[in-house]
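Heads up, the thing below is written out as structure tokens.
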Amino acid sequence: MQNQFQSKLQPDDPVEKILTGDRATGQLHIGHYIGSLQQRVELQHKYQQTILVADLQGLTDNGNNPRKVSSNILNVVADYLAVGIDPSKTTICLQSAIPALAELTMYYSNLVSVARLQRNPTVKNEIASKSFGSSIPTGFLMYPISQAADITAFKATLIPVGDDQLPMIEQTNEIVRKLNSIAQEEILVECRPLLSKVPRLPSTDGKSKMSKSMGNCILLSSSEKEITKAVKSMYTDPNHLRIDDPGQVEGNVVFTYLDAFHPDINYVNELKVKYQQGGLGDGTTKKILEECLQEIIKPIRERREMFIADKAQLIDILRQGSEKSQDESNQVLNRVKKAFGLNLFG
Ligand code: ATP
Ligand code: MG
């Protein structure tokens, strides 16, 4: 997919700030890896990057099961370290440990109508798939506002995201414009998304986006056996019954994954031609994909095991990152309060 915003990117701008994050709703998967983590590892060398473990946002659809969120905070941090995010280059912080984020969310909520939130296409899809019925948690409906608070609190202008998050960037910029117009000066800065080459990795059954909450993932901690099983069960072309039958590549998850993960594009293209002509079996393409995924995941899994064994270190990294982020976000909060005239005490 073409990123319409990428042309505006100024990679040499030294002051550009990046904010990304993940909900603490489960371990991270290969969709995160190819869709954003890999990119973050590169970006940390060029930009001032902050990564937020979004525990508050995780609660918005897990209010009745908060343990799901609390038990996954350190899992997410271990995943970051395992893929090569370096806490000396990237600030890793915890959303609930930065009070200004919740405060900003409250202020911004006065600038957004309920109808606007209900129109947000991602929120709409998620509400449908989560079967809330008529009991949509207020916090869930509001989570795009909370994301706007996160982004603006760090003065972030570049947001690496999967394509499911594009409506959130739009929503953030609407809030930024409204607030600046109330303040009659530029209090907040607009941001733009940065999409990776794989902005939406499908689940192994090809039915939806790979997603922590749907349990349709290949995790970065997956064992060799789990990877084998996941690849074997992958959706291919249901009409490709015999090896000699011509097969379809579009919508064939094995080829989508080969495109995303295999290092040799020419080889993948040759496989596609052969598959389309007939003469290449799903067993063979799956074997090729499996080897490729095993090779990528093995070193990540091994590093992850090492990091998750030292919980004190993970907590320390989060604490330091969160403390560092408090000052920065409080400054923005004070400017926003002032814009609303709520600065009686200075
Ligand atoms: P949940 O099901 O709890 O919403 P998730 O798997 O969707 O979890 P998030 O924490 O919501 O993960 O998303 C974190 C970041 O990873 C976002 O920028 C999102 O766009 C990106 N992302 C999530 N899933 C994928 C995917 N399958 N392909 C590419 N990027 C993804
Ligand atoms: Mg999500």
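Numbering starts fresh at 1 for the residues of each chain in the structure tokens, the chains themselves are lettered A, B, ... in the order given, and ligands are numbered from 1 as they appear.
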If you take only C-alpha atoms and all ligand atoms and a cut-off of 9 Å, which residues of chain A touch ligand 1, and what are their nearest atom pairs and distances in Å to one decimal, in chain and number order, as CSV?
```
residue,atom,partner,partner_atom_place_in_ligand_line,distance
A:Thr20,CA,ligand 1,18 (O),6.8
A:Gly21,CA,ligand 1,14 (C),5.9
A:Asp22,CA,ligand 1,10 (O),3.6
A:Arg23,CA,ligand 1,10 (O),3.8
A:Ala24,CA,ligand 1,10 (O),6.7
A:Thr25,CA,ligand 1,3 (O),4.9
A:Gly26,CA,ligand 1,3 (O),6.9
A:Gln27,CA,ligand 1,6 (O),8.7
A:Leu28,CA,ligand 1,6 (O),7.1
A:His29,CA,ligand 1,6 (O),7.2
A:Ile30,CA,ligand 1,27 (N),7.7
A:Gly31,CA,ligand 1,26 (C),4.0
A:His32,CA,ligand 1,31 (C),4.8
A:Tyr33,CA,ligand 1,30 (N),7.8
A:Ile34,CA,ligand 1,29 (C),6.7
A:Gly35,CA,ligand 1,29 (C),3.8
A:Ser36,CA,ligand 1,30 (N),6.1
A:Leu37,CA,ligand 1,16 (O),8.0
A:Val53,CA,ligand 1,10 (O),8.6
A:Ala54,CA,ligand 1,10 (O),7.6
A:Gln57,CA,ligand 1,10 (O),8.9
A:Gly58,CA,ligand 1,3 (O),6.6
A:Asp61,CA,ligand 1,3 (O),8.7
A:Glu126,CA,ligand 1,4 (O),8.5
A:Ile159,CA,ligand 1,18 (O),8.4
A:Pro160,CA,ligand 1,18 (O),6.5
A:Val161,CA,ligand 1,18 (O),3.5
A:Gly162,CA,ligand 1,20 (O),3.0
A:Asp163,CA,ligand 1,20 (O),5.7
A:Asp164,CA,ligand 1,20 (O),5.2
A:Gln165,CA,ligand 1,20 (O),5.1
A:Leu166,CA,ligand 1,20 (O),8.2
A:Leu195,CA,ligand 1,30 (N),8.9
A:Ser196,CA,ligand 1,29 (C),8.2
A:Val198,CA,ligand 1,29 (C),6.1
A:Pro199,CA,ligand 1,29 (C),4.5
A:Arg200,CA,ligand 1,28 (N),3.5
A:Leu201,CA,ligand 1,28 (N),3.8
A:Pro202,CA,ligand 1,27 (N),5.6
A:Ser203,CA,ligand 1,27 (N),7.0
A:Ser208,CA,ligand 1,27 (N),8.4
A:Lys209,CA,ligand 1,27 (N),4.7
A:Met210,CA,ligand 1,27 (N),3.9
A:Ser211,CA,ligand 1,6 (O),3.3
A:Lys212,CA,ligand 1,6 (O),3.9
A:Ser213,CA,ligand 1,2 (O),3.6
A:Met214,CA,ligand 1,2 (O),6.0
A:Gly215,CA,ligand 1,2 (O),8.2
A:Cys217,CA,ligand 1,6 (O),8.2
```
Identify, on the basis of only C-alpha atoms, every residue whose closest approach to Phe140 of chain A does not exceed 7 Å; exclude the query and any residue fewer than 3 positions from it along the same chain; express the result as a PDB file with C-alpha atoms, in the first residue's frame.
```pdb
ATOM      1  CA  THR A  60     -10.806   0.309  27.593  1.00  0.00           C
ATOM      2  CA  ASP A  61     -12.107  -3.081  26.457  1.00  0.00           C
ATOM      3  CA  ILE A 136     -19.872   0.112  24.752  1.00  0.00           C
ATOM      4  CA  PRO A 137     -17.542   1.307  27.520  1.00  0.00           C
ATOM      5  CA  TYR A 143      -9.735   5.927  23.035  1.00  0.00           C
TER       6      TYR A 143
END
```
* Asked: In segment 106-230 of chain A, what's alpha helix (DSSP H) per DSSP? Answer as a PyMOL selection string?
  -> chain A and resi 106-108+114-119+121-129+138-141+143-153+166-183+224-230
Could you find all residues in segment 35-180 of chain A that DSSP calls strand (DSSP E or B) from the backbone, and write them as a PDB file with N, CA, C and O atoms, in the first residue's frame?
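Dumped to out_32.pdb:
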```pdb
ATOM      1  N   GLN A  48      14.199  11.262  17.946  1.00  0.00           N
ATOM      2  CA  GLN A  48      13.929  11.169  19.380  1.00  0.00           C
ATOM      3  C   GLN A  48      12.658  10.347  19.538  1.00  0.00           C
ATOM      4  O   GLN A  48      11.554  10.859  19.315  1.00  0.00           O
ATOM      5  N   GLN A  49      12.816   9.086  19.881  1.00  0.00           N
ATOM      6  CA  GLN A  49      11.677   8.158  19.846  1.00  0.00           C
ATOM      7  C   GLN A  49      11.183   7.789  21.252  1.00  0.00           C
ATOM      8  O   GLN A  49      11.978   7.433  22.114  1.00  0.00           O
ATOM      9  N   THR A  50       9.874   7.886  21.433  1.00  0.00           N
ATOM     10  CA  THR A  50       9.265   7.419  22.682  1.00  0.00           C
ATOM     11  C   THR A  50       8.285   6.301  22.345  1.00  0.00           C
ATOM     12  O   THR A  50       7.521   6.411  21.381  1.00  0.00           O
ATOM     13  N   ILE A  51       8.329   5.237  23.134  1.00  0.00           N
ATOM     14  CA  ILE A  51       7.371   4.139  22.946  1.00  0.00           C
ATOM     15  C   ILE A  51       6.554   3.991  24.224  1.00  0.00           C
ATOM     16  O   ILE A  51       7.103   3.893  25.323  1.00  0.00           O
ATOM     17  N   LEU A  52       5.254   3.982  24.035  1.00  0.00           N
ATOM     18  CA  LEU A  52       4.342   3.965  25.167  1.00  0.00           C
ATOM     19  C   LEU A  52       3.710   2.575  25.305  1.00  0.00           C
ATOM     20  O   LEU A  52       3.107   2.065  24.351  1.00  0.00           O
ATOM     21  N   VAL A  53       3.851   1.990  26.483  1.00  0.00           N
ATOM     22  CA  VAL A  53       3.104   0.759  26.759  1.00  0.00           C
ATOM     23  C   VAL A  53       1.725   1.214  27.216  1.00  0.00           C
ATOM     24  O   VAL A  53       1.563   1.784  28.301  1.00  0.00           O
ATOM     25  N   ALA A  54       0.728   1.012  26.353  1.00  0.00           N
ATOM     26  CA  ALA A  54      -0.589   1.617  26.573  1.00  0.00           C
ATOM     27  C   ALA A  54      -1.454   0.703  27.439  1.00  0.00           C
ATOM     28  O   ALA A  54      -2.288  -0.054  26.947  1.00  0.00           O
ATOM     29  N   THR A  90      15.834   4.812  22.926  1.00  0.00           N
ATOM     30  CA  THR A  90      14.374   4.999  22.869  1.00  0.00           C
ATOM     31  C   THR A  90      13.837   5.082  24.292  1.00  0.00           C
ATOM     32  O   THR A  90      14.189   4.253  25.127  1.00  0.00           O
ATOM     33  N   THR A  91      12.985   6.069  24.556  1.00  0.00           N
ATOM     34  CA  THR A  91      12.348   6.136  25.877  1.00  0.00           C
ATOM     35  C   THR A  91      11.163   5.185  25.874  1.00  0.00           C
ATOM     36  O   THR A  91      10.251   5.321  25.048  1.00  0.00           O
ATOM     37  N   ILE A  92      11.185   4.230  26.790  1.00  0.00           N
ATOM     38  CA  ILE A  92      10.054   3.289  26.906  1.00  0.00           C
ATOM     39  C   ILE A  92       9.296   3.648  28.184  1.00  0.00           C
ATOM     40  O   ILE A  92       9.885   3.653  29.265  1.00  0.00           O
ATOM     41  N   CYS A  93       8.020   3.995  28.062  1.00  0.00           N
ATOM     42  CA  CYS A  93       7.304   4.448  29.262  1.00  0.00           C
ATOM     43  C   CYS A  93       5.908   3.823  29.365  1.00  0.00           C
ATOM     44  O   CYS A  93       5.415   3.217  28.414  1.00  0.00           O
ATOM     45  N   LEU A  94       5.312   3.990  30.554  1.00  0.00           N
ATOM     46  CA  LEU A  94       4.033   3.347  30.864  1.00  0.00           C
ATOM     47  C   LEU A  94       2.941   4.410  30.957  1.00  0.00           C
ATOM     48  O   LEU A  94       3.031   5.340  31.754  1.00  0.00           O
ATOM     49  N   LEU A 158       5.756  12.528  14.056  1.00  0.00           N
ATOM     50  CA  LEU A 158       5.819  11.367  13.168  1.00  0.00           C
ATOM     51  C   LEU A 158       5.381  10.129  13.954  1.00  0.00           C
ATOM     52  O   LEU A 158       5.944   9.823  15.000  1.00  0.00           O
ATOM     53  N   ILE A 159       4.359   9.447  13.419  1.00  0.00           N
ATOM     54  CA  ILE A 159       3.747   8.348  14.178  1.00  0.00           C
ATOM     55  C   ILE A 159       3.785   7.057  13.357  1.00  0.00           C
ATOM     56  O   ILE A 159       2.949   6.867  12.455  1.00  0.00           O
ATOM     57  N   PRO A 160       4.732   6.173  13.640  1.00  0.00           N
ATOM     58  CA  PRO A 160       4.749   4.889  12.918  1.00  0.00           C
ATOM     59  C   PRO A 160       3.600   4.000  13.398  1.00  0.00           C
ATOM     60  O   PRO A 160       3.532   3.678  14.576  1.00  0.00           O
ATOM     61  N   VAL A 161       2.725   3.660  12.483  1.00  0.00           N
ATOM     62  CA  VAL A 161       1.535   2.870  12.855  1.00  0.00           C
ATOM     63  C   VAL A 161       1.166   1.876  11.758  1.00  0.00           C
ATOM     64  O   VAL A 161       1.594   2.012  10.615  1.00  0.00           O
TER      65      VAL A 161
END
```
* Counting only C-alpha atoms, what is within 8 Å of Gly206 of chain A, bar same-chain residues fewer than 4 positions away, as an NGL selection string? -> :A and (202 or 234-235 or 251-253)
* Asked: Interatomic distance between atom CA of Gly341 of chain A and atom CA of Tyr108 of chain A?
  ->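 So the answer is 14.1 Å.
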Please build the interface table for segment 180-290 of chain A against segment 303-307 of chain A with a cut-off of 12 Å, listing for each qualifying residue the nearest atom pair and the distance in Å to one decimal; count only C-alpha atoms, order rows by chain and increasing number, and write it as a tab-separated table.
```
residue	atom	partner	partner_atom	distance
A:Leu219	CA	A:Arg304	CA	11.4
A:Leu220	CA	A:Arg304	CA	8.4
A:Ser221	CA	A:Arg304	CA	7.1
A:Ser222	CA	A:Arg304	CA	10.7
A:Ser223	CA	A:Glu305	CA	11.3
```
What does the file look like for those residues with C-alpha atoms, as a short mmCIF file (atom, residue, chain, number, x, y, z; two decimals), in the first residue's frame?
```cif
data_model
loop_
_atom_site.label_atom_id
_atom_site.label_comp_id
_atom_site.auth_asym_id
_atom_site.auth_seq_id
_atom_site.Cartn_x
_atom_site.Cartn_y
_atom_site.Cartn_z
CA LEU A 219 3.84 -14.59 18.73
CA LEU A 220 7.46 -13.48 18.88
CA SER A 221 7.82 -16.02 21.71
CA SER A 222 6.38 -18.90 19.64
CA SER A 223 8.20 -22.21 19.93
#
```
* To do: Would you list the contacts of Gln294 of chain A as a list in words, taking every protein, DNA or RNA residue within 10 Å and counting only C-alpha atoms, but skipping same-chain residues closer than 4 positions in sequence?
  => Ser222, Ser223, Glu224, Lys225, Ile227, Thr228, Leu289, Glu290, Lys298, Pro299 and Arg301 of chain A
Could those selected residues go to a file with C-alpha atoms, as a tab-separated table (two decimals), in the first residue's frame?
```tsv
chain	number	residue	atom	x	y	z
A	222	SER	CA	6.38	-18.90	19.64
A	223	SER	CA	8.20	-22.21	19.93
A	224	GLU	CA	9.47	-24.07	16.87
A	225	LYS	CA	6.51	-26.44	17.11
A	227	ILE	CA	5.41	-21.97	14.26
A	228	THR	CA	5.24	-25.25	12.33
A	289	LEU	CA	7.78	-19.98	4.64
A	290	GLU	CA	8.22	-22.05	7.76
A	298	LYS	CA	14.53	-18.01	16.83
A	299	PRO	CA	16.99	-15.27	17.89
A	301	ARG	CA	12.63	-15.84	21.13
```
* So which residues touch Pro246 of chain A within 6 Å, counting only C-alpha atoms, skipping near sequence neighbours fewer than 5 positions away, as a VMD selection string? -> chain A and resid 276 to 278
* **Nearby residues (only C-alpha atoms) at most 12 Å from Glu185 of chain A, same-chain spacing under 6 positions excluded, as a list of chain:residue names** => A:Val176, A:Arg177, A:Lys178, A:Leu179, A:Arg335, A:Val336, A:Lys338, A:Ala339
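Taking atom CA of Tyr107 of chain A as the reference point, atom CA of Ser134 of chain A is found at 26.0 Å.
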* Neighbour list for Cys292 of chain A as a ChimeraX atom specification, cut-off 10 Å, only C-alpha atoms, skip fewer than 3 positions in-chain -> /A:257-258,261-263,286-289,295-297
* Work out how far atom CA of Val332 of chain A is from atom CA of Arg192 of chain A, in Å to one decimal. =>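 Straight-line distance from atom CA of Arg192 of chain A to atom CA of Val332 of chain A works out to 18.9 Å.
Restricting the calculation to only C-alpha atoms, the smallest distance between Gly84 of chain A and any of A:Asn180, A:Gln39, A:Thr236, A:Asn62 is found for A:Gln39.
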* To do: Counting only C-alpha atoms, figure out which residue out of A:Ala82, A:Val69, A:Val41, A:Val76 gets nearest to Glu302 of chain A.
  =>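 Closest to Glu302 of chain A, using only C-alpha atoms: A:Ala82.
Using only C-alpha atoms and all ligand atoms, the nearest neighbour of ligand 2 within the list A:Val254, A:Asp316, A:Ala153, A:Ile127 is A:Ile127.
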